[in-house]
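Chemist: Dropping in input30.txt, which is compact mmCIF, C-alpha atoms:
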# COMPACT_ATOMS: atom_id res chain seq x y z
CA MET A 1 0.00 0.00 0.00
CA PRO A 2 1.42 3.41 -0.91
CA GLU A 3 2.47 5.65 1.97
CA ALA A 4 -0.07 8.26 0.92
CA TRP A 5 -2.83 5.74 1.59
CA ALA A 6 -1.35 4.34 4.79
CA ALA A 7 -1.70 7.66 6.58
CA ARG A 8 -5.37 8.08 5.72
CA GLU A 9 -8.14 7.71 8.26
CA ASN A 10 -11.82 7.14 7.65
CA PRO A 11 -13.30 10.63 7.28
CA LEU A 12 -16.81 9.37 8.09
CA PRO A 13 -17.85 9.18 11.73
CA LEU A 14 -18.80 5.66 12.77
CA SER A 15 -22.59 5.83 13.02
CA ALA A 16 -25.68 3.74 12.43
CA GLU A 17 -26.19 5.66 9.19
CA ALA A 18 -22.66 4.93 7.94
CA LEU A 19 -23.01 1.23 8.84
CA ALA A 20 -26.39 0.99 7.10
CA ARG A 21 -25.01 2.64 3.96
CA GLY A 22 -21.95 0.42 4.13
CA GLU A 23 -24.09 -2.69 4.41
CA GLN A 24 -26.13 -1.60 1.39
CA VAL A 25 -22.98 -1.05 -0.69
CA TYR A 26 -21.47 -4.32 0.58
CA GLN A 27 -24.54 -6.37 -0.34
CA GLN A 28 -24.70 -4.81 -3.80
CA TYR A 29 -21.01 -4.92 -4.75
CA CYS A 30 -19.15 -7.29 -2.41
CA SER A 31 -21.42 -10.12 -1.31
CA ALA A 32 -21.34 -11.96 -4.66
CA CYS A 33 -17.73 -12.92 -3.90
CA HIS A 34 -17.27 -12.40 -0.16
CA GLY A 35 -20.69 -13.79 0.79
CA PRO A 36 -23.66 -12.09 2.48
CA LEU A 37 -22.03 -12.45 5.92
CA GLY A 38 -18.49 -11.77 4.69
CA GLN A 39 -17.26 -15.35 5.09
CA GLY A 40 -15.67 -15.60 1.63
CA ASP A 41 -18.44 -17.89 0.41
CA GLY A 42 -20.13 -15.80 -2.26
CA LEU A 43 -22.46 -17.37 -4.79
CA ALA A 44 -20.96 -15.87 -7.96
CA PRO A 45 -20.16 -18.85 -10.22
CA ALA A 46 -16.56 -17.73 -10.77
CA VAL A 47 -15.79 -17.74 -7.01
CA ALA A 48 -15.13 -21.49 -7.14
CA TYR A 49 -12.19 -20.82 -9.48
CA PHE A 50 -10.60 -17.89 -7.62
CA ASP A 51 -7.09 -18.53 -6.33
CA PRO A 52 -6.77 -17.24 -3.73
CA SER A 53 -10.39 -17.51 -2.69
CA PRO A 54 -12.18 -14.35 -1.50
CA THR A 55 -11.10 -13.13 1.92
CA ASN A 56 -13.20 -14.08 4.93
CA LEU A 57 -13.95 -10.50 5.97
CA ALA A 58 -15.96 -11.58 9.01
CA LEU A 59 -12.75 -13.05 10.41
CA HIS A 60 -10.28 -10.49 9.05
CA GLY A 61 -12.44 -7.39 9.58
CA PRO A 62 -10.54 -5.87 12.49
CA ALA A 63 -7.16 -7.17 11.31
CA HIS A 64 -6.54 -4.50 8.75
CA GLY A 65 -6.73 -0.75 9.08
CA ALA A 66 -9.37 1.38 7.45
CA ALA A 67 -6.86 2.84 4.99
CA GLU A 68 -5.80 -0.62 3.81
CA TYR A 69 -9.39 -1.65 3.11
CA ALA A 70 -10.14 1.65 1.36
CA TRP A 71 -7.05 1.24 -0.81
CA ILE A 72 -7.89 -2.36 -1.77
CA ILE A 73 -11.52 -1.47 -2.52
CA SER A 74 -10.44 1.55 -4.57
CA GLU A 75 -7.49 0.03 -6.42
CA GLY A 76 -8.24 -3.70 -6.41
CA ASN A 77 -5.70 -6.40 -5.58
CA ALA A 78 -3.37 -7.61 -8.34
CA GLU A 79 -2.62 -10.77 -6.32
CA SER A 80 -6.26 -11.88 -6.43
CA ALA A 81 -9.41 -11.50 -8.49
CA MET A 82 -10.43 -8.42 -6.48
CA PRO A 83 -11.35 -5.69 -8.99
CA ARG A 84 -10.99 -1.97 -8.42
CA PHE A 85 -14.14 -0.06 -7.46
CA ASP A 86 -12.90 3.53 -7.63
CA THR A 87 -14.86 4.05 -10.86
CA LYS A 88 -18.08 2.49 -9.49
CA LEU A 89 -18.23 3.80 -5.93
CA SER A 90 -17.92 7.28 -4.50
CA GLU A 91 -15.35 7.98 -1.81
CA LYS A 92 -18.18 8.16 0.74
CA GLU A 93 -19.48 4.75 -0.36
CA ILE A 94 -15.99 3.25 -0.09
CA TRP A 95 -15.47 4.59 3.43
CA SER A 96 -18.99 3.46 4.44
CA VAL A 97 -18.29 -0.09 3.33
CA VAL A 98 -14.96 0.05 5.20
CA HIS A 99 -16.91 0.85 8.38
CA TYR A 100 -19.26 -2.04 7.65
CA ILE A 101 -16.41 -4.51 7.07
CA ARG A 102 -14.57 -3.47 10.24
CA HIS A 103 -17.55 -2.95 12.56
CA GLY A 104 -20.70 -4.47 11.06
CA LEU A 105 -19.77 -8.00 10.05
CA THR A 106 -19.65 -10.82 12.61
CA GLN A 107 -16.13 -10.99 13.95
CA ALA A 108 -14.18 -13.64 15.83
CA PRO A 109 -13.13 -12.95 19.42
CA ASP A 110 -9.68 -11.38 19.65
CA GLU A 111 -7.89 -14.52 20.80
CA GLN A 112 -9.42 -16.67 18.04
CA TYR A 113 -8.73 -13.94 15.52
CA ALA A 114 -5.07 -13.69 16.47
CA GLN A 115 -4.58 -17.41 15.85
CA ALA A 116 -6.64 -17.49 12.67
CA HIS A 117 -5.11 -14.41 11.05
CA GLN A 118 -2.18 -16.01 9.31
CA HIS A 119 -1.20 -15.09 5.75
Just give me the structure of the file as structure tokens.
Modeler:
Amino acid sequence: MPEAWAARENPLPLSAEALARGEQVYQQYCSACHGPLGQGDGLAPAVAYFDPSPTNLALHGPAHGAAEYAWIISEGNAESAMPRFDTKLSEKEIWSVVHYIRHGLTQAPDEQYAQAHQH
């Protein structure tokens, strides 16, 4: 991630409105691959052929900073099938879905997360 992105913070206050908007964006643009609950089990036919498979965001949600998620959503990930969304989503939509990924999806307890978060 470029240094310019690493220093960024989510400009949207964490609120029920931001989470609701983030969930709406997530369900429309992300759930086909990452699954409706963020478990990496989306129903898009191509998901079965992705290598690596889509990230389990419910498990990894708190593992990565807001800037990292915003960067990946905006720019995509060349090491996976994750496309860029900077031409489809506004900056506000991107930051809303970042809030939803980090605070709205079911997350593992910290001790389970620490053991499971291995790359």
Chemist: From the list A:Leu37, A:Pro11, A:Ser74, A:Ser53, which residue is nearest Lys88 of chain A when using only C-alpha atoms?
Modeler: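 For Lys88 of chain A, the nearest of the candidates is A:Ser74.
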Chemist: Measure the distance from atom CA of Val97 of chain A to atom CA of Ala78 of chain A in Å and round it to one decimal.
Modeler: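 Between atom CA of Val97 of chain A and atom CA of Ala78 of chain A the gap is 20.4 Å.
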Chemist: Restrict the calculation to only C-alpha atoms, then for each residue of segment 46-107 of chain A with any atom at most 12 Å from an atom of segment 30-36 of chain A give the closest atom pair and their distance in Å to one decimal, rows by chain and rising residue number, as CSV.
Modeler:
residue,atom,partner,partner_atom,distance
A:Ala46,CA,A:Cys33,CA,8.5
A:Val47,CA,A:Cys33,CA,6.1
A:Ala48,CA,A:Cys33,CA,9.5
A:Tyr49,CA,A:Cys33,CA,11.1
A:Phe50,CA,A:Cys33,CA,9.5
A:Pro52,CA,A:Cys33,CA,11.8
A:Ser53,CA,A:Cys33,CA,8.7
A:Pro54,CA,A:His34,CA,5.6
A:Thr55,CA,A:His34,CA,6.6
A:Asn56,CA,A:His34,CA,6.7
A:Leu57,CA,A:His34,CA,7.2
A:Ala58,CA,A:His34,CA,9.3
A:Leu59,CA,A:His34,CA,11.5
A:His60,CA,A:His34,CA,11.7
A:Gly61,CA,A:His34,CA,12.0
A:Ile73,CA,A:Cys30,CA,9.6
A:Ser80,CA,A:Cys33,CA,11.8
A:Ala81,CA,A:Cys33,CA,9.6
A:Met82,CA,A:Cys33,CA,9.0
A:Pro83,CA,A:Cys30,CA,10.3
A:Arg84,CA,A:Cys30,CA,11.4
A:Phe85,CA,A:Cys30,CA,10.1
A:Leu89,CA,A:Cys30,CA,11.7
A:Ile94,CA,A:Cys30,CA,11.2
A:Val97,CA,A:Cys30,CA,9.2
A:Val98,CA,A:Cys30,CA,11.4
A:Tyr100,CA,A:Cys30,CA,11.3
A:Ile101,CA,A:Cys30,CA,10.3
A:Gly104,CA,A:Pro36,CA,11.9
A:Leu105,CA,A:Pro36,CA,9.4
A:Thr106,CA,A:Pro36,CA,11.0
Chemist: Skip Ala16 of chain A itself and residues of its chain fewer than 3 positions away, then list as a PDB file with C-alpha atoms, keeping the file's coordinate frame all residues within 12 Å of it, counting only C-alpha atoms.
Modeler:
ATOM      1  CA  LEU A  12     -16.810   9.370   8.090  1.00  0.00           C
ATOM      2  CA  PRO A  13     -17.850   9.180  11.730  1.00  0.00           C
ATOM      3  CA  LEU A  19     -23.010   1.230   8.840  1.00  0.00           C
ATOM      4  CA  ALA A  20     -26.390   0.990   7.100  1.00  0.00           C
ATOM      5  CA  ARG A  21     -25.010   2.640   3.960  1.00  0.00           C
ATOM      6  CA  GLY A  22     -21.950   0.420   4.130  1.00  0.00           C
ATOM      7  CA  GLU A  23     -24.090  -2.690   4.410  1.00  0.00           C
ATOM      8  CA  SER A  96     -18.990   3.460   4.440  1.00  0.00           C
ATOM      9  CA  HIS A  99     -16.910   0.850   8.380  1.00  0.00           C
ATOM     10  CA  TYR A 100     -19.260  -2.040   7.650  1.00  0.00           C
ATOM     11  CA  HIS A 103     -17.550  -2.950  12.560  1.00  0.00           C
ATOM     12  CA  GLY A 104     -20.700  -4.470  11.060  1.00  0.00           C
TER      13      GLY A 104
END
Chemist: What is the atom CA of Trp95 of chain A to atom CA of Ala70 of chain A distance in Å?
Modeler: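 Going from atom CA of Trp95 of chain A over to atom CA of Ala70 of chain A covers 6.4 Å.
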Chemist: In Å, how far is it from atom CA of Trp5 of chain A to atom CA of Glu68 of chain A?
Modeler: 7.4 Å
